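Trainee: I have a structure here, written as structure tokens, and I will follow up with some questions on it.
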Amino acid sequence: MRYLLLILVTMGTVAPMVMVGQTGGAPVQVGAAGVVRLPVIKAGSKKVSIRDGEFFDRDAWNLSPAARPDVYTADRTRKTKWVTFYTDLDSIRVKVRPGGRYDFVILLNGKDSCFTRVVSAIPPSAEGGGKTDTIPFTLTEYNAIATKAVIDGDDTVTLHFDVGSFSWHLTKDAMLRKPSRKKVKTLQMGTRIWESPSVGVTGFTAHDMDGRFGWDLFEGRQVEIDYDKNLLIIHPRLPRGLKGYIREKLLFQRSYVCVKASFGAGEGCFMLDTGSDQAAIVDSGWAAAHRFTDGLRVVKTTVLKDPRGDRYETRTVEAPMFELGHTRLSNVPTLVLAGRNPTGFEVNFLGNDVLKRFNIILDFRHDYIYLKPNRLMGTTYKVNS
């Protein structure tokens, strides 16, 4: 999209308004006489800090004058909240409602107009609908939900479903499998085809995978993970006949899917991570506050090294009791993080060595999880096998 800019100048200073004439491309909010009036803030540095609801990220955003617009997706919530951008010279606060979008301009060094858009993580069209799609999967020895997908109509890849991840990610080898490929044009899974999908390159996947896909691809729908039949079923609406399922509220922290669960030591918020072969992982701060490891048997000790050669020791302990969805599990091997949580905030994790023991329905339209114990409930935990 090309823009014609008119910056209003008064007494040698830039007034907080930009008038943008639309000359084609993406739709914009047009006022009288086909002119968009956008708020303007000033910046002398490309680094911008963002407060998204209660979370503050310092220098989290880099200004890009070439992007038209540069889109920031706010953390997912169904509540209205404030998002604030802080430059080194100025700030702007916008109210984000589900399904909404908000445009403004950051004027960099008095000359470069950085068109910026804040959008809700819940798109306006996330209302379900369509037909049911059934996708077979294989549960690997590493507890990965492995499915088949087709790139550009002729390249079949193996991807795992990771509820702790977002969008599409392919390994570098998978991206370069066809030398002529510049970008992914289509990606098909089941009967659904994603046109011009946003695909990231990753070095982190489950064992022997070409990539992974995240939960947000199914926003507004119901995702059923049936470990008894090895089926991933995408429903347009909540299926009937949920006898035996327990319903719990889905929570979202920084757009990660979480649920409340508890050990004997206390309750916590647990991120659902079907991409992990672990049973459970607890945050170091939560473990210390609840004296979680006191008296627990150590199952395994692992020493990790970072690139600088510093050593970190992690312990896996055996938790005698863990409760999820009113179902109690015994002797759950639980890894205790040794340092700062990689997410940047306090949260525990539920890996697929626990989650696979339940048939699960994730309702991303009403934000509930439905859990029902399945045939894998009595299987041996991977760390003990």
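Ordering of the structure tokens sets the chain letters (A, B, ...); residue numbers start at 1 within each chain; ligands are numbered from 1 in the order shown.
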Within 8 Å of stretch 160-172 of chain A, counting only C-alpha atoms, which residues qualify if same-chain residues fewer than 5 places away don't, as a CSV table (one decimal) with C-alpha atoms, in the first residue's frame?

Mentor:
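See part28.csv below for the written result:
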chain,number,residue,atom,x,y,z
A,144,ALA,CA,4.7,-36.1,20.4
A,145,ILE,CA,1.4,-35.8,18.6
A,146,ALA,CA,2.7,-36.4,15.1
A,147,THR,CA,0.5,-35.5,12.0
A,197,PRO,CA,0.5,-19.0,5.9
A,198,SER,CA,3.0,-17.2,8.1
A,199,VAL,CA,5.7,-19.8,8.7
A,200,GLY,CA,8.7,-19.4,11.0
A,201,VAL,CA,11.9,-21.3,10.9
A,202,THR,CA,12.8,-23.2,14.0
A,203,GLY,CA,15.6,-25.4,15.4
A,204,PHE,CA,13.3,-26.7,18.3
A,205,THR,CA,10.9,-29.5,17.5
A,206,ALA,CA,10.0,-32.9,19.0
A,209,MET,CA,9.8,-33.8,13.3
A,210,ASP,CA,9.9,-31.4,10.3
A,211,GLY,CA,8.2,-28.7,12.4
A,212,ARG,CA,5.3,-27.9,14.6
A,213,PHE,CA,2.0,-26.1,14.7
A,214,GLY,CA,0.3,-24.2,17.5
A,215,TRP,CA,-3.1,-23.8,19.1
A,216,ASP,CA,-3.9,-20.3,17.6
A,217,LEU,CA,-4.5,-21.8,14.2
A,256,TYR,CA,-0.2,-19.2,26.4
A,257,VAL,CA,-2.9,-21.8,27.2
A,271,MET,CA,0.8,-24.1,30.9
A,272,LEU,CA,-0.4,-26.9,28.6
A,273,ASP,CA,2.7,-28.1,26.6
A,274,THR,CA,1.9,-31.1,24.3
A,275,GLY,CA,5.3,-30.4,22.7

Trainee: Find the spatial neighbours of stretch 316-333 of chain A, counting only C-alpha atoms, within a cut-off of 6 Å - ignore same-chain residues fewer than 2 positions away - and output them as JSON, numbers by chain.

Mentor: {"A": [261, 262, 263, 264, 297, 298, 299, 300, 335]}

Trainee: Do you know which residues are at most 10 Å from stretch 65-74 of chain A counting only C-alpha atoms, after dropping those on the same chain fewer than 6 positions away, and could you put them as a PyMOL selection string?

Mentor: chain A and resi 1-3+25-26+46+50-53+81-83+96-98+101-108+111-122+254-255

Trainee: One decimal, Å: what's the distance from atom CA of A:Thr140 over to atom CA of A:Asn384, could you say?

Mentor: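 Rounded to one decimal, the two atoms are 16.7 Å apart.
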
Trainee: With distances taken over only C-alpha atoms, which of A:Leu250, A:Val354, A:Ile225, A:Leu159 is nearest to A:Arg76?

Mentor: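 Selected residue with least distance to A:Arg76: A:Leu250.
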